[in-house]
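J.: Take a look at this one; I'll ask things after.
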Amino acid sequence: MQKAAFVALAGRPSVGKSTLVNLICGAKVAIVSPVPQTTRNAIRGILTRPAGQLVFVDTPGRHTSNKKPNKKLMDVADKALIDSELVLYVIDASRAPGLEEEEVARRLHEFQDRTIIAINKIDAIGADTKRSMSFLEQYLPDINTSRCFEISCLKNEGIEPLLSCLFEMADPGEPFYPEEYYTDQEMPFRISEIIREKAIVRLKEELPHSISVECADLELRTDSATGRQRLWVRAFILVERESQKGIVVGRGGEMIKAIGQAARKELNTIFDWRVELDLRVKTKTGK
């Protein structure tokens, strides 16, 4: 009997949710960076096995803030919790629980009967799994320890027992997607997210949360000499103000060139065609 379920991931920013989804699905599904709340949308990664299919919905990290952008991100996360059959709560064992962790636990209180715990980064300096377990016993007492798993995404440890539990808790059902799918993201979105990741990593604290990426044009072109197809992409990194354009472009165009090269390199590993990227910068007003 096959099982099928949507699994919403929950947790603080930078606990490793996106890394875990990529590891489980065996491919780049969600972008990853050291910058908190890199994930802005509900990203779906798909795992299909003889036991069935799990669709992981990676959501923005829950961050305590009354600012409008953060509230929008929390709405995305809350919708995933409500719509999914299972919840995977990821905790960073190397960080002491604080107000944000308490806020996450309070939000998950009503979902305890269908929540599984992944205590991540058990190999990190300062990791304290006993501290994490004590926190869970206090704030989510109805979750049995049999549904708590110590894992390391970095070393790929503890993942299989976690997946076995998820499949066991999933209801019987037919797969939602064809077997060969590992994500349902459309090509323009995937390209935009890869570019955004490379920009965030290189721009660091200068303006990561104010940038977005627009994939404006896609075209499959055939080389007349070789007959091989290549994917031509025109994309724009969007900034809030005119003064920010120079930061993204960099001196002599060095920054945007580095972002484009890094993005192309990764896109060439994802798609079947060689990618040609025409990357530009403009303000969100279109100038």
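The chains in the structure tokens are called A, B, ... from first to last as shown; in each chain the residues are counted from 1, and the ligands are counted from 1 in the order shown.
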Based on the backbone DSSP call, show me all residues of region 133-183 of chain A assigned alpha helix (DSSP H), as a PDB file with all heavy atoms, in the first residue's frame.

T.:
```
ATOM      1  N   MET A 133      15.768  18.633  23.530  1.00  0.00           N
ATOM      2  CA  MET A 133      14.734  17.714  24.001  1.00  0.00           C
ATOM      3  C   MET A 133      14.000  18.281  25.214  1.00  0.00           C
ATOM      4  O   MET A 133      12.772  18.142  25.327  1.00  0.00           O
ATOM      5  CB  MET A 133      15.353  16.363  24.341  1.00  0.00           C
ATOM      6  CG  MET A 133      15.812  15.559  23.129  1.00  0.00           C
ATOM      7  SD  MET A 133      14.468  15.202  21.952  1.00  0.00           S
ATOM      8  CE  MET A 133      13.360  14.242  22.988  1.00  0.00           C
ATOM      9  N   SER A 134      14.713  18.940  26.101  1.00  0.00           N
ATOM     10  CA  SER A 134      14.078  19.559  27.268  1.00  0.00           C
ATOM     11  C   SER A 134      13.097  20.640  26.848  1.00  0.00           C
ATOM     12  O   SER A 134      12.005  20.781  27.417  1.00  0.00           O
ATOM     13  CB  SER A 134      15.138  20.153  28.205  1.00  0.00           C
ATOM     14  OG  SER A 134      15.964  19.150  28.737  1.00  0.00           O
ATOM     15  N   PHE A 135      13.499  21.405  25.841  1.00  0.00           N
ATOM     16  CA  PHE A 135      12.618  22.446  25.309  1.00  0.00           C
ATOM     17  C   PHE A 135      11.345  21.819  24.749  1.00  0.00           C
ATOM     18  O   PHE A 135      10.230  22.306  25.003  1.00  0.00           O
ATOM     19  CB  PHE A 135      13.348  23.233  24.224  1.00  0.00           C
ATOM     20  CG  PHE A 135      12.477  24.205  23.485  1.00  0.00           C
ATOM     21  CD1 PHE A 135      12.221  25.464  24.008  1.00  0.00           C
ATOM     22  CD2 PHE A 135      11.899  23.860  22.269  1.00  0.00           C
ATOM     23  CE1 PHE A 135      11.401  26.362  23.334  1.00  0.00           C
ATOM     24  CE2 PHE A 135      11.087  24.746  21.596  1.00  0.00           C
ATOM     25  CZ  PHE A 135      10.836  26.009  22.132  1.00  0.00           C
ATOM     26  N   LEU A 136      11.489  20.747  23.971  1.00  0.00           N
ATOM     27  CA  LEU A 136      10.334  20.089  23.367  1.00  0.00           C
ATOM     28  C   LEU A 136       9.401  19.513  24.429  1.00  0.00           C
ATOM     29  O   LEU A 136       8.176  19.595  24.312  1.00  0.00           O
ATOM     30  CB  LEU A 136      10.797  18.979  22.413  1.00  0.00           C
ATOM     31  CG  LEU A 136      11.520  19.456  21.151  1.00  0.00           C
ATOM     32  CD1 LEU A 136      12.192  18.288  20.446  1.00  0.00           C
ATOM     33  CD2 LEU A 136      10.543  20.151  20.209  1.00  0.00           C
ATOM     34  N   GLU A 137       9.967  18.913  25.457  1.00  0.00           N
ATOM     35  CA  GLU A 137       9.158  18.346  26.537  1.00  0.00           C
ATOM     36  C   GLU A 137       8.322  19.424  27.228  1.00  0.00           C
ATOM     37  O   GLU A 137       7.202  19.173  27.669  1.00  0.00           O
ATOM     38  CB  GLU A 137      10.066  17.646  27.550  1.00  0.00           C
ATOM     39  CG  GLU A 137      10.688  16.356  27.024  1.00  0.00           C
ATOM     40  CD  GLU A 137      11.757  15.810  27.951  1.00  0.00           C
ATOM     41  OE1 GLU A 137      11.935  16.400  29.057  1.00  0.00           O
ATOM     42  OE2 GLU A 137      12.414  14.824  27.599  1.00  0.00           O
ATOM     43  N   GLN A 138       8.882  20.624  27.288  1.00  0.00           N
ATOM     44  CA  GLN A 138       8.174  21.713  27.952  1.00  0.00           C
ATOM     45  C   GLN A 138       7.103  22.348  27.072  1.00  0.00           C
ATOM     46  O   GLN A 138       5.990  22.625  27.538  1.00  0.00           O
ATOM     47  CB  GLN A 138       9.167  22.790  28.388  1.00  0.00           C
ATOM     48  CG  GLN A 138       8.510  23.985  29.087  1.00  0.00           C
ATOM     49  CD  GLN A 138       9.525  25.035  29.518  1.00  0.00           C
ATOM     50  OE1 GLN A 138      10.732  24.850  29.397  1.00  0.00           O
ATOM     51  NE2 GLN A 138       9.030  26.159  30.028  1.00  0.00           N
ATOM     52  N   TYR A 139       7.440  22.575  25.787  1.00  0.00           N
ATOM     53  CA  TYR A 139       6.543  23.340  24.924  1.00  0.00           C
ATOM     54  C   TYR A 139       5.673  22.488  24.001  1.00  0.00           C
ATOM     55  O   TYR A 139       4.613  22.949  23.573  1.00  0.00           O
ATOM     56  CB  TYR A 139       7.357  24.334  24.087  1.00  0.00           C
ATOM     57  CG  TYR A 139       7.852  25.503  24.895  1.00  0.00           C
ATOM     58  CD1 TYR A 139       9.089  25.464  25.526  1.00  0.00           C
ATOM     59  CD2 TYR A 139       7.072  26.642  25.061  1.00  0.00           C
ATOM     60  CE1 TYR A 139       9.549  26.533  26.288  1.00  0.00           C
ATOM     61  CE2 TYR A 139       7.514  27.716  25.811  1.00  0.00           C
ATOM     62  CZ  TYR A 139       8.755  27.653  26.435  1.00  0.00           C
ATOM     63  OH  TYR A 139       9.197  28.706  27.186  1.00  0.00           O
ATOM     64  N   ILE A 159      18.959  10.684   8.480  1.00  0.00           N
ATOM     65  CA  ILE A 159      17.885  11.061   7.556  1.00  0.00           C
ATOM     66  C   ILE A 159      16.923   9.903   7.288  1.00  0.00           C
ATOM     67  O   ILE A 159      15.705  10.095   7.242  1.00  0.00           O
ATOM     68  CB  ILE A 159      18.471  11.575   6.216  1.00  0.00           C
ATOM     69  CG1 ILE A 159      19.506  12.679   6.465  1.00  0.00           C
ATOM     70  CG2 ILE A 159      17.351  12.076   5.303  1.00  0.00           C
ATOM     71  CD1 ILE A 159      18.980  13.889   7.180  1.00  0.00           C
ATOM     72  N   GLU A 160      17.456   8.708   7.115  1.00  0.00           N
ATOM     73  CA  GLU A 160      16.602   7.566   6.766  1.00  0.00           C
ATOM     74  C   GLU A 160      15.581   7.232   7.857  1.00  0.00           C
ATOM     75  O   GLU A 160      14.405   6.996   7.548  1.00  0.00           O
ATOM     76  CB  GLU A 160      17.456   6.349   6.426  1.00  0.00           C
ATOM     77  CG  GLU A 160      18.114   6.426   5.059  1.00  0.00           C
ATOM     78  CD  GLU A 160      17.117   6.649   3.931  1.00  0.00           C
ATOM     79  OE1 GLU A 160      16.044   5.986   3.952  1.00  0.00           O
ATOM     80  OE2 GLU A 160      17.387   7.465   3.036  1.00  0.00           O
ATOM     81  N   PRO A 161      15.972   7.166   9.142  1.00  0.00           N
ATOM     82  CA  PRO A 161      14.947   6.933  10.172  1.00  0.00           C
ATOM     83  C   PRO A 161      13.862   8.013  10.180  1.00  0.00           C
ATOM     84  O   PRO A 161      12.683   7.721  10.402  1.00  0.00           O
ATOM     85  CB  PRO A 161      15.755   6.949  11.475  1.00  0.00           C
ATOM     86  CG  PRO A 161      17.137   6.568  11.067  1.00  0.00           C
ATOM     87  CD  PRO A 161      17.338   7.175   9.718  1.00  0.00           C
ATOM     88  N   LEU A 162      14.267   9.247   9.922  1.00  0.00           N
ATOM     89  CA  LEU A 162      13.309  10.346   9.843  1.00  0.00           C
ATOM     90  C   LEU A 162      12.315  10.114   8.708  1.00  0.00           C
ATOM     91  O   LEU A 162      11.095  10.250   8.886  1.00  0.00           O
ATOM     92  CB  LEU A 162      14.064  11.663   9.638  1.00  0.00           C
ATOM     93  CG  LEU A 162      13.231  12.916   9.323  1.00  0.00           C
ATOM     94  CD1 LEU A 162      12.348  13.280  10.494  1.00  0.00           C
ATOM     95  CD2 LEU A 162      14.152  14.078   8.959  1.00  0.00           C
ATOM     96  N   LEU A 163      12.809   9.737   7.545  1.00  0.00           N
ATOM     97  CA  LEU A 163      11.936   9.492   6.403  1.00  0.00           C
ATOM     98  C   LEU A 163      11.019   8.305   6.650  1.00  0.00           C
ATOM     99  O   LEU A 163       9.844   8.317   6.251  1.00  0.00           O
ATOM    100  CB  LEU A 163      12.773   9.265   5.139  1.00  0.00           C
ATOM    101  CG  LEU A 163      13.548  10.481   4.613  1.00  0.00           C
ATOM    102  CD1 LEU A 163      14.429  10.093   3.443  1.00  0.00           C
ATOM    103  CD2 LEU A 163      12.577  11.592   4.208  1.00  0.00           C
ATOM    104  N   SER A 164      11.536   7.282   7.292  1.00  0.00           N
ATOM    105  CA  SER A 164      10.706   6.103   7.593  1.00  0.00           C
ATOM    106  C   SER A 164       9.516   6.484   8.457  1.00  0.00           C
ATOM    107  O   SER A 164       8.392   6.010   8.244  1.00  0.00           O
ATOM    108  CB  SER A 164      11.544   5.030   8.298  1.00  0.00           C
ATOM    109  OG  SER A 164      12.553   4.541   7.450  1.00  0.00           O
ATOM    110  N   CYS A 165       9.756   7.370   9.430  1.00  0.00           N
ATOM    111  CA  CYS A 165       8.675   7.837  10.299  1.00  0.00           C
ATOM    112  C   CYS A 165       7.652   8.649   9.511  1.00  0.00           C
ATOM    113  O   CYS A 165       6.432   8.497   9.710  1.00  0.00           O
ATOM    114  CB  CYS A 165       9.255   8.662  11.439  1.00  0.00           C
ATOM    115  SG  CYS A 165       8.016   9.255  12.630  1.00  0.00           S
ATOM    116  N   LEU A 166       8.123   9.491   8.618  1.00  0.00           N
ATOM    117  CA  LEU A 166       7.208  10.297   7.807  1.00  0.00           C
ATOM    118  C   LEU A 166       6.336   9.414   6.925  1.00  0.00           C
ATOM    119  O   LEU A 166       5.115   9.630   6.819  1.00  0.00           O
ATOM    120  CB  LEU A 166       8.005  11.287   6.947  1.00  0.00           C
ATOM    121  CG  LEU A 166       8.633  12.468   7.694  1.00  0.00           C
ATOM    122  CD1 LEU A 166       9.643  13.191   6.808  1.00  0.00           C
ATOM    123  CD2 LEU A 166       7.562  13.448   8.156  1.00  0.00           C
ATOM    124  N   PHE A 167       6.928   8.424   6.285  1.00  0.00           N
ATOM    125  CA  PHE A 167       6.145   7.506   5.453  1.00  0.00           C
ATOM    126  C   PHE A 167       5.143   6.729   6.303  1.00  0.00           C
ATOM    127  O   PHE A 167       4.006   6.491   5.887  1.00  0.00           O
ATOM    128  CB  PHE A 167       7.062   6.544   4.702  1.00  0.00           C
ATOM    129  CG  PHE A 167       7.583   7.083   3.403  1.00  0.00           C
ATOM    130  CD1 PHE A 167       8.937   7.321   3.220  1.00  0.00           C
ATOM    131  CD2 PHE A 167       6.723   7.360   2.342  1.00  0.00           C
ATOM    132  CE1 PHE A 167       9.430   7.822   2.016  1.00  0.00           C
ATOM    133  CE2 PHE A 167       7.204   7.862   1.132  1.00  0.00           C
ATOM    134  CZ  PHE A 167       8.551   8.092   0.976  1.00  0.00           C
ATOM    135  N   GLU A 168       5.567   6.330   7.494  1.00  0.00           N
ATOM    136  CA  GLU A 168       4.684   5.580   8.384  1.00  0.00           C
ATOM    137  C   GLU A 168       3.472   6.400   8.805  1.00  0.00           C
ATOM    138  O   GLU A 168       2.347   5.886   8.897  1.00  0.00           O
ATOM    139  CB  GLU A 168       5.459   5.136   9.620  1.00  0.00           C
ATOM    140  CG  GLU A 168       4.658   4.253  10.569  1.00  0.00           C
ATOM    141  CD  GLU A 168       5.463   3.791  11.768  1.00  0.00           C
ATOM    142  OE1 GLU A 168       6.715   3.801  11.685  1.00  0.00           O
ATOM    143  OE2 GLU A 168       4.844   3.427  12.781  1.00  0.00           O
ATOM    144  N   MET A 169       3.685   7.696   9.042  1.00  0.00           N
ATOM    145  CA  MET A 169       2.591   8.564   9.483  1.00  0.00           C
ATOM    146  C   MET A 169       1.713   9.055   8.338  1.00  0.00           C
ATOM    147  O   MET A 169       0.597   9.543   8.577  1.00  0.00           O
ATOM    148  CB  MET A 169       3.154   9.761  10.243  1.00  0.00           C
ATOM    149  CG  MET A 169       3.759   9.406  11.589  1.00  0.00           C
ATOM    150  SD  MET A 169       4.296  10.876  12.518  1.00  0.00           S
ATOM    151  CE  MET A 169       2.718  11.703  12.805  1.00  0.00           C
TER     152      MET A 169
END
```

J.: At a cut-off of 12 Å, using only C-alpha atoms, what residues contact Glu179 (chain A)? Leave out same-chain residues fewer than 4 positions from it and give the result as an MDAnalysis selection string.

T.: chainID A and resid 46:50 52:55 174:175 183:184

J.: Per residue of region 161-237 of chain A within 12 Å of region 268-282 of chain A, what are the shortest atom pair and its distance in Å to one decimal, counting only C-alpha atoms, with rows by chain and residue number, as JSON lines?

T.:
```
{"residue": "A:Tyr182", "atom": "CA", "partner": "A:Ile270", "partner_atom": "CA", "distance": 11.6}
{"residue": "A:Thr183", "atom": "CA", "partner": "A:Ile270", "partner_atom": "CA", "distance": 11.8}
{"residue": "A:Met187", "atom": "CA", "partner": "A:Phe271", "partner_atom": "CA", "distance": 9.2}
{"residue": "A:Pro188", "atom": "CA", "partner": "A:Phe271", "partner_atom": "CA", "distance": 12.0}
{"residue": "A:Arg190", "atom": "CA", "partner": "A:Ile270", "partner_atom": "CA", "distance": 9.6}
{"residue": "A:Ile191", "atom": "CA", "partner": "A:Ile270", "partner_atom": "CA", "distance": 9.6}
{"residue": "A:Ser192", "atom": "CA", "partner": "A:Leu279", "partner_atom": "CA", "distance": 10.6}
{"residue": "A:Ile194", "atom": "CA", "partner": "A:Ile270", "partner_atom": "CA", "distance": 10.3}
{"residue": "A:Ile195", "atom": "CA", "partner": "A:Leu279", "partner_atom": "CA", "distance": 9.1}
{"residue": "A:Arg196", "atom": "CA", "partner": "A:Leu279", "partner_atom": "CA", "distance": 11.4}
{"residue": "A:Ala199", "atom": "CA", "partner": "A:Val281", "partner_atom": "CA", "distance": 11.3}
{"residue": "A:Ile211", "atom": "CA", "partner": "A:Val281", "partner_atom": "CA", "distance": 10.1}
{"residue": "A:Ser212", "atom": "CA", "partner": "A:Val281", "partner_atom": "CA", "distance": 10.3}
{"residue": "A:Val213", "atom": "CA", "partner": "A:Val281", "partner_atom": "CA", "distance": 9.1}
{"residue": "A:Glu214", "atom": "CA", "partner": "A:Val281", "partner_atom": "CA", "distance": 9.8}
{"residue": "A:Cys215", "atom": "CA", "partner": "A:Leu279", "partner_atom": "CA", "distance": 9.3}
{"residue": "A:Ala216", "atom": "CA", "partner": "A:Leu279", "partner_atom": "CA", "distance": 10.0}
{"residue": "A:Asp217", "atom": "CA", "partner": "A:Asp278", "partner_atom": "CA", "distance": 9.5}
{"residue": "A:Leu218", "atom": "CA", "partner": "A:Leu277", "partner_atom": "CA", "distance": 9.7}
{"residue": "A:Glu219", "atom": "CA", "partner": "A:Glu276", "partner_atom": "CA", "distance": 9.9}
{"residue": "A:Leu220", "atom": "CA", "partner": "A:Trp273", "partner_atom": "CA", "distance": 8.6}
{"residue": "A:Arg221", "atom": "CA", "partner": "A:Trp273", "partner_atom": "CA", "distance": 9.8}
{"residue": "A:Thr222", "atom": "CA", "partner": "A:Trp273", "partner_atom": "CA", "distance": 10.3}
{"residue": "A:Asp223", "atom": "CA", "partner": "A:Arg274", "partner_atom": "CA", "distance": 11.1}
{"residue": "A:Arg228", "atom": "CA", "partner": "A:Trp273", "partner_atom": "CA", "distance": 8.4}
{"residue": "A:Gln229", "atom": "CA", "partner": "A:Trp273", "partner_atom": "CA", "distance": 6.3}
{"residue": "A:Arg230", "atom": "CA", "partner": "A:Arg274", "partner_atom": "CA", "distance": 4.8}
{"residue": "A:Leu231", "atom": "CA", "partner": "A:Val275", "partner_atom": "CA", "distance": 4.8}
{"residue": "A:Trp232", "atom": "CA", "partner": "A:Glu276", "partner_atom": "CA", "distance": 4.7}
{"residue": "A:Val233", "atom": "CA", "partner": "A:Leu277", "partner_atom": "CA", "distance": 4.9}
{"residue": "A:Arg234", "atom": "CA", "partner": "A:Asp278", "partner_atom": "CA", "distance": 4.6}
{"residue": "A:Ala235", "atom": "CA", "partner": "A:Leu279", "partner_atom": "CA", "distance": 5.1}
{"residue": "A:Phe236", "atom": "CA", "partner": "A:Arg280", "partner_atom": "CA", "distance": 4.8}
{"residue": "A:Ile237", "atom": "CA", "partner": "A:Val281", "partner_atom": "CA", "distance": 4.8}
```

J.: Of the candidates A:Leu86, A:Gly158, A:Ala263, A:Gly253, which shows the shortest atom-to-atom distance to Ile200 (chain A), using only C-alpha atoms?

T.: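 Looking at the shortest contact to Ile200 (chain A), the residue is A:Ala263.
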
J.: Which one is closest to Glu240 (chain A): A:Arg107, A:Arg114, A:Lys284, A:Arg147? Count only C-alpha atoms.

T.: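 Of all the options, A:Lys284 lies closest to Glu240 (chain A).
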
J.: Between CA of Ala124 (chain A) and CA of Ile151 (chain A), measure the distance and give it in Å to one decimal.

T.: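 Those two atoms sit 10.9 Å apart.
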
J.: So the first atom is CA of Ile259 (chain A) and the second is CA of Ser18 (chain A); what is the distance between them in Å, to one decimal place?

T.: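 If I compute the distance from CA of Ile259 (chain A) to CA of Ser18 (chain A), I get 20.8 Å.
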
J.: With distances taken over only C-alpha atoms, which of A:Glu85, A:Leu9, A:Val15, A:Gly246 is nearest to Pro172 (chain A)?

T.: A:Glu85

J.: Using DSSP on the backbone coordinates, identify the residues of region 23-232 of chain A assigned to strand (DSSP E or B); present them as a PyMOL selection string.

T.: chain A and resi 43-49+52-58+86-92+115-120+148-150+152+157+171-172+183+212-222+229-232

J.: Could you write those residues out with C-alpha atoms, as a PDB file, in the first residue's frame?

T.:
```pdb
ATOM      1  CA  ILE A  43       9.050  25.666  -2.149  1.00  0.00           C
ATOM      2  CA  ARG A  44       8.060  22.111  -2.999  1.00  0.00           C
ATOM      3  CA  GLY A  45      10.519  19.243  -3.127  1.00  0.00           C
ATOM      4  CA  ILE A  46       9.291  15.783  -4.068  1.00  0.00           C
ATOM      5  CA  LEU A  47      10.547  12.399  -2.873  1.00  0.00           C
ATOM      6  CA  THR A  48       9.130   9.287  -4.541  1.00  0.00           C
ATOM      7  CA  ARG A  49       9.976   5.799  -3.320  1.00  0.00           C
ATOM      8  CA  GLY A  52       4.996   6.263  -1.677  1.00  0.00           C
ATOM      9  CA  GLN A  53       5.508   9.982  -2.209  1.00  0.00           C
ATOM     10  CA  LEU A  54       6.281  12.829   0.179  1.00  0.00           C
ATOM     11  CA  VAL A  55       5.997  16.424  -0.999  1.00  0.00           C
ATOM     12  CA  PHE A  56       8.089  18.688   1.233  1.00  0.00           C
ATOM     13  CA  VAL A  57       6.938  22.297   1.460  1.00  0.00           C
ATOM     14  CA  ASP A  58       9.876  24.453   2.542  1.00  0.00           C
ATOM     15  CA  LEU A  86       2.259  16.378   8.188  1.00  0.00           C
ATOM     16  CA  VAL A  87       4.609  18.925   9.787  1.00  0.00           C
ATOM     17  CA  LEU A  88       8.388  18.577  10.057  1.00  0.00           C
ATOM     18  CA  TYR A  89       9.738  20.846  12.784  1.00  0.00           C
ATOM     19  CA  VAL A  90      13.480  21.497  12.372  1.00  0.00           C
ATOM     20  CA  ILE A  91      15.487  22.652  15.403  1.00  0.00           C
ATOM     21  CA  ASP A  92      19.109  23.789  15.435  1.00  0.00           C
ATOM     22  CA  THR A 115       4.354  16.771  13.802  1.00  0.00           C
ATOM     23  CA  ILE A 116       7.751  15.064  13.503  1.00  0.00           C
ATOM     24  CA  ILE A 117      10.897  16.639  14.960  1.00  0.00           C
ATOM     25  CA  ALA A 118      14.326  16.869  13.299  1.00  0.00           C
ATOM     26  CA  ILE A 119      17.038  18.104  15.659  1.00  0.00           C
ATOM     27  CA  ASN A 120      19.630  19.268  13.129  1.00  0.00           C
ATOM     28  CA  CYS A 148      12.120  13.003  17.445  1.00  0.00           C
ATOM     29  CA  PHE A 149      15.228  12.412  15.343  1.00  0.00           C
ATOM     30  CA  GLU A 150      18.772  13.696  15.671  1.00  0.00           C
ATOM     31  CA  SER A 152      23.122  16.145  10.501  1.00  0.00           C
ATOM     32  CA  GLU A 157      23.227  11.318   9.195  1.00  0.00           C
ATOM     33  CA  ASP A 171      -2.025   8.274   4.894  1.00  0.00           C
ATOM     34  CA  PRO A 172      -2.557   5.750   2.086  1.00  0.00           C
ATOM     35  CA  THR A 183      10.121  19.694  -7.714  1.00  0.00           C
ATOM     36  CA  SER A 212      14.519  40.284  -6.067  1.00  0.00           C
ATOM     37  CA  VAL A 213      15.016  38.753  -9.502  1.00  0.00           C
ATOM     38  CA  GLU A 214      12.798  38.867 -12.559  1.00  0.00           C
ATOM     39  CA  CYS A 215      13.247  36.307 -15.318  1.00  0.00           C
ATOM     40  CA  ALA A 216      12.120  38.412 -18.280  1.00  0.00           C
ATOM     41  CA  ASP A 217      12.795  36.234 -21.346  1.00  0.00           C
ATOM     42  CA  LEU A 218      13.513  32.556 -22.038  1.00  0.00           C
ATOM     43  CA  GLU A 219      14.309  31.140 -25.438  1.00  0.00           C
ATOM     44  CA  LEU A 220      15.641  27.823 -26.696  1.00  0.00           C
ATOM     45  CA  ARG A 221      18.095  28.553 -29.490  1.00  0.00           C
ATOM     46  CA  THR A 222      19.760  26.094 -31.830  1.00  0.00           C
ATOM     47  CA  GLN A 229      20.212  23.666 -28.279  1.00  0.00           C
ATOM     48  CA  ARG A 230      21.030  26.234 -25.638  1.00  0.00           C
ATOM     49  CA  LEU A 231      18.793  28.093 -23.224  1.00  0.00           C
ATOM     50  CA  TRP A 232      19.069  31.863 -23.534  1.00  0.00           C
TER      51      TRP A 232
END
```

J.: Suppose you want the space between CA of Asp128 (chain A) and CA of Ala93 (chain A); what is it in Å?

T.: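 If I compute the distance from CA of Asp128 (chain A) to CA of Ala93 (chain A), I get 5.4 Å.
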